[in-house]
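Novice: For reference, this is work_39.pdb, and it has PDB, C-alpha atoms.
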```pdb
ATOM      1  CA  MET L 100       0.000   0.000   0.000
ATOM      2  CA  ASP L 101       1.419   3.372  -0.903
ATOM      3  CA  PRO L 102       1.240   6.213   1.639
ATOM      4  CA  ASN L 103      -1.626   7.899  -0.180
ATOM      5  CA  GLY L 104      -3.929   4.930  -0.079
ATOM      6  CA  MET L 105      -3.832   4.358  -3.828
ATOM      7  CA  SER L 106      -3.032   0.698  -3.341
ATOM      8  CA  GLU L 107      -3.725  -1.262  -6.485
ATOM      9  CA  SER L 108      -4.446  -4.919  -6.861
ATOM     10  CA  PRO L 109      -1.394  -6.903  -7.963
ATOM     11  CA  ASN L 110      -1.491  -7.847 -11.643
ATOM     12  CA  ARG L 111      -4.745  -5.922 -12.166
ATOM     13  CA  VAL L 112      -5.526  -2.617 -13.845
ATOM     14  CA  PRO L 113      -7.053  -0.142 -11.337
ATOM     15  CA  ALA L 114     -10.631   1.096 -11.534
ATOM     16  CA  PRO L 115     -11.347   3.691 -14.232
ATOM     17  CA  GLY L 116     -11.911   7.397 -13.693
ATOM     18  CA  ALA L 117     -13.276   8.645 -10.403
ATOM     19  CA  LEU L 118     -14.102   5.106  -9.265
ATOM     20  CA  ARG L 119     -10.396   4.671  -8.601
ATOM     21  CA  LEU L 120     -10.864   7.112  -5.726
ATOM     22  CA  ILE L 121     -13.418   4.770  -4.163
ATOM     23  CA  GLN L 122     -11.056   1.837  -4.663
ATOM     24  CA  ALA L 123      -8.344   3.789  -2.867
ATOM     25  CA  PHE L 124     -10.743   4.746  -0.059
ATOM     26  CA  LEU L 125     -11.689   1.115   0.510
ATOM     27  CA  ASN L 126      -8.023   0.134   0.479
ATOM     28  CA  THR L 127      -7.022   2.599   3.182
ATOM     29  CA  ARG L 128      -7.371  -0.408   5.469
ATOM     30  CA  ASP L 129      -5.031  -3.341   4.860
ATOM     31  CA  PRO L 130      -5.894  -6.099   7.379
ATOM     32  CA  GLU L 131      -3.087  -8.376   6.224
ATOM     33  CA  ALA L 132      -0.403  -5.743   6.855
ATOM     34  CA  ASP L 133      -2.306  -4.289   9.847
ATOM     35  CA  ILE L 134      -2.260  -0.802   8.287
ATOM     36  CA  ASP L 135      -5.009   1.796   8.444
ATOM     37  CA  LEU L 136      -4.470   5.146   6.757
ATOM     38  CA  LEU L 137      -7.506   6.520   8.615
ATOM     39  CA  ARG L 138      -6.244   5.377  12.000
ATOM     40  CA  ASP L 139      -6.436   8.859  13.554
ATOM     41  CA  SER L 140      -7.592  12.387  12.725
ATOM     42  CA  GLU L 141      -4.208  13.565  11.421
ATOM     43  CA  SER L 142      -3.687  10.627   9.076
ATOM     44  CA  ALA L 143      -7.293  10.935   7.859
ATOM     45  CA  ARG L 144      -6.795  14.659   7.202
ATOM     46  CA  ALA L 145      -3.614  13.944   5.237
ATOM     47  CA  TRP L 146      -5.369  11.342   3.094
ATOM     48  CA  LEU L 147      -8.405  13.526   2.404
ATOM     49  CA  ARG L 148      -6.236  16.518   1.525
ATOM     50  CA  GLU L 149      -4.072  14.441  -0.811
ATOM     51  CA  ARG L 150      -7.223  13.334  -2.641
ATOM     52  CA  ARG L 151      -8.491  16.954  -2.695
ATOM     53  CA  LEU L 152     -11.614  15.923  -0.867
ATOM     54  CA  ILE L 153     -11.166  18.749   1.643
ATOM     55  CA  ASP L 154      -9.554  22.181   1.482
ATOM     56  CA  PRO L 155      -5.960  22.489   2.746
ATOM     57  CA  ASP L 156      -7.066  24.474   5.794
ATOM     58  CA  THR L 157      -9.887  22.092   6.760
ATOM     59  CA  LEU L 158      -9.395  20.365  10.104
ATOM     60  CA  VAL L 159     -10.391  16.785  10.844
ATOM     61  CA  SER L 160     -11.297  16.045  14.435
ATOM     62  CA  ASP L 161     -11.532  12.797  16.351
ATOM     63  CA  ALA L 162     -15.299  13.213  16.185
ATOM     64  CA  ASP L 163     -15.138  13.006  12.366
ATOM     65  CA  LEU L 164     -13.415   9.609  12.332
ATOM     66  CA  PRO L 165     -16.407   7.359  13.164
ATOM     67  CA  ALA L 166     -18.373   8.636  10.151
ATOM     68  CA  LEU L 167     -15.400   8.081   7.828
ATOM     69  CA  LEU L 168     -14.903   4.545   9.080
ATOM     70  CA  ARG L 169     -18.611   3.703   8.976
ATOM     71  CA  VAL L 170     -18.897   4.853   5.365
ATOM     72  CA  ARG L 171     -15.755   2.958   4.377
ATOM     73  CA  GLU L 172     -17.021  -0.286   5.873
ATOM     74  CA  ALA L 173     -20.522   0.253   4.476
ATOM     75  CA  LEU L 174     -19.092   0.720   0.971
ATOM     76  CA  ARG L 175     -16.929  -2.373   1.406
ATOM     77  CA  SER L 176     -20.038  -4.292   2.399
ATOM     78  CA  LEU L 177     -21.919  -2.912  -0.601
ATOM     79  CA  ALA L 178     -19.120  -3.922  -2.968
ATOM     80  CA  ALA L 179     -18.937  -7.409  -1.452
ATOM     81  CA  ALA L 180     -22.725  -7.776  -1.731
ATOM     82  CA  GLY L 181     -22.443  -7.804  -5.501
ATOM     83  CA  GLN L 182     -20.456 -11.035  -5.228
ATOM     84  CA  ALA L 183     -22.351 -12.691  -2.389
ATOM     85  CA  GLY L 184     -25.800 -11.606  -3.551
ATOM     86  CA  GLU L 185     -26.742 -10.456  -0.044
ATOM     87  CA  THR L 186     -26.961  -6.776   0.901
ATOM     88  CA  ASP L 187     -26.421  -5.703   4.491
ATOM     89  CA  PRO L 188     -29.399  -3.545   5.561
ATOM     90  CA  ASP L 189     -27.240  -1.708   8.118
ATOM     91  CA  ALA L 190     -24.757  -0.726   5.394
ATOM     92  CA  LEU L 191     -27.565   0.606   3.228
ATOM     93  CA  GLU L 192     -29.008   2.606   6.116
ATOM     94  CA  THR L 193     -25.575   4.072   6.892
ATOM     95  CA  LEU L 194     -25.059   5.225   3.321
ATOM     96  CA  SER L 195     -28.596   6.573   3.011
ATOM     97  CA  ARG L 196     -28.234   8.524   6.245
ATOM     98  CA  VAL L 197     -24.931  10.068   5.142
ATOM     99  CA  ALA L 198     -26.413  10.966   1.752
ATOM    100  CA  ARG L 199     -29.206  12.837   3.531
ATOM    101  CA  THR L 200     -26.802  14.535   5.929
ATOM    102  CA  THR L 201     -24.503  15.809   3.177
ATOM    103  CA  ARG L 202     -27.463  17.153   1.164
ATOM    104  CA  LEU L 203     -26.426  15.700  -2.174
ATOM    105  CA  ALA L 204     -27.780  17.686  -5.107
ATOM    106  CA  VAL L 205     -27.556  17.488  -8.893
ATOM    107  CA  ARG L 206     -24.933  19.772 -10.435
ATOM    108  CA  PHE L 207     -24.254  20.263 -14.141
ATOM    109  CA  ARG L 208     -20.638  20.367 -15.275
ATOM    110  CA  PRO L 209     -19.318  22.600 -18.090
ATOM    111  CA  ASP L 210     -19.405  19.593 -20.454
ATOM    112  CA  GLY L 211     -23.141  19.222 -19.842
ATOM    113  CA  ARG L 212     -22.927  16.105 -17.680
ATOM    114  CA  ALA L 213     -24.846  15.947 -14.413
ATOM    115  CA  GLU L 214     -23.288  14.783 -11.150
ATOM    116  CA  LEU L 215     -24.318  14.484  -7.524
ATOM    117  CA  GLU L 216     -22.394  16.880  -5.297
ATOM    118  CA  PRO L 217     -22.787  17.784  -1.612
ATOM    119  CA  ASP L 218     -23.932  21.142  -0.311
ATOM    120  CA  LEU L 219     -21.654  20.904   2.721
ATOM    121  CA  PRO L 220     -17.911  21.532   3.157
ATOM    122  CA  GLY L 221     -15.410  19.655   5.290
ATOM    123  CA  VAL L 222     -15.543  15.958   6.080
ATOM    124  CA  ASP L 223     -19.294  15.824   5.456
ATOM    125  CA  GLY L 224     -18.688  17.215   2.000
ATOM    126  CA  ALA L 225     -15.902  14.690   1.390
ATOM    127  CA  LEU L 226     -18.223  11.828   2.278
ATOM    128  CA  GLY L 227     -20.882  13.291   0.007
ATOM    129  CA  ARG L 228     -18.456  13.456  -2.904
ATOM    130  CA  LEU L 229     -17.494   9.832  -2.361
ATOM    131  CA  LEU L 230     -21.137   8.767  -2.428
ATOM    132  CA  GLY L 231     -21.677  10.867  -5.536
ATOM    133  CA  VAL L 232     -18.901   8.927  -7.276
ATOM    134  CA  VAL L 233     -20.530   5.645  -6.268
ATOM    135  CA  TYR L 234     -23.899   6.795  -7.604
ATOM    136  CA  THR L 235     -22.371   7.809 -10.947
ATOM    137  CA  ALA L 236     -20.510   4.488 -11.187
ATOM    138  CA  MET L 237     -23.780   2.637 -10.629
ATOM    139  CA  ILE L 238     -25.449   4.605 -13.421
ATOM    140  CA  GLU L 239     -22.503   3.972 -15.755
ATOM    141  CA  GLY L 240     -22.400   0.266 -14.913
ATOM    142  CA  THR L 241     -18.865   0.201 -13.504
ATOM    143  CA  TRP L 242     -19.736  -0.174  -9.827
ATOM    144  CA  SER L 243     -20.566  -3.886 -10.158
ATOM    145  CA  ARG L 244     -16.980  -4.530 -11.257
ATOM    146  CA  LEU L 245     -15.511  -3.121  -8.059
ATOM    147  CA  LYS L 246     -15.104  -6.150  -5.822
ATOM    148  CA  ILE L 247     -13.577  -7.250  -2.536
ATOM    149  CA  CYS L 248     -11.003 -10.039  -2.613
ATOM    150  CA  ARG L 249     -12.630 -13.179  -1.221
ATOM    151  CA  ARG L 250      -9.477 -14.185   0.608
ATOM    152  CA  GLU L 251     -10.479 -13.032   4.078
ATOM    153  CA  ALA L 252      -6.938 -12.193   5.186
ATOM    154  CA  CYS L 253      -6.587  -9.841   2.195
ATOM    155  CA  GLY L 254      -9.904  -8.082   1.612
ATOM    156  CA  ARG L 255      -8.415  -5.754  -1.011
ATOM    157  CA  ALA L 256     -10.775  -3.838  -3.311
ATOM    158  CA  PHE L 257     -10.020  -4.562  -6.964
ATOM    159  CA  TYR L 258     -11.569  -3.822 -10.339
ATOM    160  CA  ASP L 259     -12.741  -6.867 -12.273
ATOM    161  CA  ARG L 260     -12.141  -6.375 -15.999
ATOM    162  CA  SER L 261     -12.907  -9.967 -16.989
ATOM    163  CA  LYS L 262     -15.536 -10.376 -19.708
ATOM    164  CA  ASN L 263     -17.884 -12.436 -17.555
ATOM    165  CA  ARG L 264     -17.182 -10.452 -14.367
ATOM    166  CA  SER L 265     -16.264 -13.649 -12.531
ATOM    167  CA  ALA L 266     -13.005 -12.682 -10.786
ATOM    168  CA  SER L 267     -12.946 -13.540  -7.086
ATOM    169  CA  TRP L 268      -9.431 -12.575  -6.005
ATOM    170  CA  CYS L 269      -7.412  -9.409  -6.361
ATOM    171  CA  SER L 270      -4.531 -11.532  -7.658
ATOM    172  CA  MET L 271      -4.800 -15.055  -8.997
ATOM    173  CA  ALA L 272      -1.056 -15.551  -8.551
ATOM    174  CA  VAL L 273      -1.174 -14.616  -4.867
ATOM    175  CA  CYS L 274      -4.589 -14.737  -3.229
ATOM    176  CA  GLY L 275      -6.125 -17.146  -5.739
ATOM    177  CA  ASN L 276      -3.407 -19.756  -5.297
ATOM    178  CA  ARG L 277      -3.343 -19.333  -1.517
ATOM    179  CA  GLU L 278      -7.112 -19.739  -1.280
ATOM    180  CA  LYS L 279      -7.071 -22.799  -3.535
ATOM    181  CA  ALA L 280      -4.284 -24.326  -1.442
ATOM    182  CA  ARG L 281      -6.267 -23.656   1.736
ATOM    183  CA  THR L 282      -9.398 -25.215   0.238
ATOM    184  CA  TYR L 283      -7.385 -28.268  -0.840
ATOM    185  CA  ARG L 284      -5.976 -28.721   2.663
ATOM    186  CA  LEU L 285      -9.434 -28.482   4.227
ATOM    187  CA  ARG L 286     -10.921 -31.005   1.781
ATOM    188  CA  ARG L 287      -8.009 -33.383   2.278
ATOM    189  CA  ALA L 288      -8.330 -33.157   6.059
ATOM    190  CA  ALA L 289     -12.087 -33.817   5.791
ATOM    191  CA  ARG L 290     -11.477 -36.790   3.477
ATOM    192  CA  LEU L 291      -8.882 -38.319   5.806
ATOM    193  CA  ALA L 292     -11.183 -37.815   8.797
ATOM    194  CA  GLY L 293     -14.003 -39.517   6.906
ATOM    195  CA  GLU L 294     -11.810 -42.466   5.965
ATOM    196  CA  ALA L 295     -10.679 -42.842   9.556
ATOM    197  CA  SER L 296     -14.280 -42.858  10.810
ATOM    198  CA  ARG L 297     -15.201 -45.665   8.390
ATOM    199  CA  ARG L 298     -12.394 -47.991   9.480
ATOM    200  CA  PRO L 299     -13.484 -50.982  11.609
ATOM    201  CA  HIS L 300     -13.075 -50.308  15.277
ATOM    202  CA  GLN L 301     -10.353 -52.548  16.633
ATOM    203  CA  VAL L 302     -11.117 -53.950  20.062
ATOM    204  CA  GLN L 303      -8.051 -54.144  22.220
ATOM    205  CA  PRO L 304      -7.535 -57.589  23.797
ATOM    206  CA  ALA L 305      -8.391 -57.744  27.448
ATOM    207  CA  GLU L 306      -5.581 -57.865  29.940
ATOM    208  CA  PRO L 307      -5.159 -61.419  31.315
ATOM    209  CA  ARG L 308      -6.326 -61.750  34.897
ATOM    210  CA  PRO L 309      -3.646 -62.587  37.405
TER     211      PRO L 309
END
```
Show how you would write the structure in this file as structure tokens.
Specialist:
Amino acid sequence: MDPNGMSESPNRVPAPGALRLIQAFLNTRDPEADIDLLRDSESARAWLRERRLIDPDTLVSDADLPALLRVREALRSLAAAGQAGETDPDALETLSRVARTTRLAVRFRPDGRAELEPDLPGVDGALGRLLGVVYTAMIEGTWSRLKICRREACGRAFYDRSKNRSASWCSMAVCGNREKARTYRLRRAARLAGEASRRPHQVQPAEPRP
């Protein structure tokens, strides 16, 4: 993971356009390396400023952190739901509540395209801009390709460019092979346990009485 949270999936092309910002936001937490770029208010402020989500003079307080972390985890859950087919109601409620709080509104750009933008500055505005990017990606059909690596120890957000949108791991060479090896070990252990349970029980001969 680079210091700006623009960690990209190994051997994969990053998400296109503004959706790459969402990919980076989701990857500010790396459970495998035990790194969190939003671990405190100062690190969160540095990340948001680097992404131009807040003005240089905007402060980020400890009170702002819970909202940032809740939105990050809710978006991770939403991205994972596309693979699992199950949407977490709590994640949806979190995102809907933040969208209402940031007062997202339609804005027309100079090129004539419409986008959702927040009416609030600061961290609330940053969260609103992130949700606006997600909304646009959903309309454009790119959101469904942003996935979470199914290897639990990794959990990296990656962009699936396969034709049938069937990728499960951020890297087949790393996470894919490790997950397949783990699955093989579990199946082998289950098979050996089953074979052992089917063997005839051998009765030990009784000790001769004195």
Novice: Please evaluate the PyMOL selection byres ((chain L and resi 153) around 12) against the displayed coordinates and give the resulting residues as an MDAnalysis selection string.
Specialist: chainID L and resid 143:152 154:159 219:229
Novice: Could you expand the PyMOL selection byres ((chain L and resi 168) around 12) into the explicit residues it covers here, written as a PyMOL selection string?
Specialist: chain L and resi 124-128+135-140+143+161-167+169-175+190+193-194+222+226
Novice: Mind pulling up the distance from CA of Thr186 in chain L to CA of Trp268 in chain L?
Specialist: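 Taking CA of Trp268 in chain L as the start and CA of Thr186 in chain L as the end point, the length is 19.7 Å.
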Novice: How far is it from CA of Ser160 in chain L to CA of Asp189 in chain L, in Å with one decimal?
Specialist: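 Going from CA of Ser160 in chain L over to CA of Asp189 in chain L, I get 24.7 Å.
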Novice: Would you compute the box with edges along x, y and z of the file around range 152-168 of chain L, including every atom the file lists for it and 4 Å extra on each side, and give its centre and edge lengths in Å to one decimal, as AutoDock Vina command-line options?
Specialist:
```
--center_x -12.2 --center_y 14.5 --center_z 7.7 --size_x 20.4 --size_y 27.9 --size_z 25.2
```
Novice: What is the distance between CA of Lys262 in chain L and CA of Gly231 in chain L, in Å to one decimal?
Specialist: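 For CA of Lys262 in chain L relative to CA of Gly231 in chain L, the distance reads 26.3 Å.
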Novice: Which residues fall under the PyMOL selection byres ((chain L and resi 213-216) around 8) in this file, as a list in words?
Specialist: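 Selected by the PyMOL selection byres ((chain L and resi 213-216) around 8) here: Leu203, Ala204, Val205, Arg206, Phe207, Arg208, Gly211, Arg212, Pro217, Asp218, Gly227, Arg228, Gly231, Val232, Tyr234 and Thr235 of chain L.
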Novice: Which is closer to Ile247 in chain L than all the others in L:Pro130, L:Pro188, L:Gly181, L:Pro113, using only C-alpha atoms?
Specialist: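 For Ile247 in chain L, the nearest of the candidates is L:Gly181.
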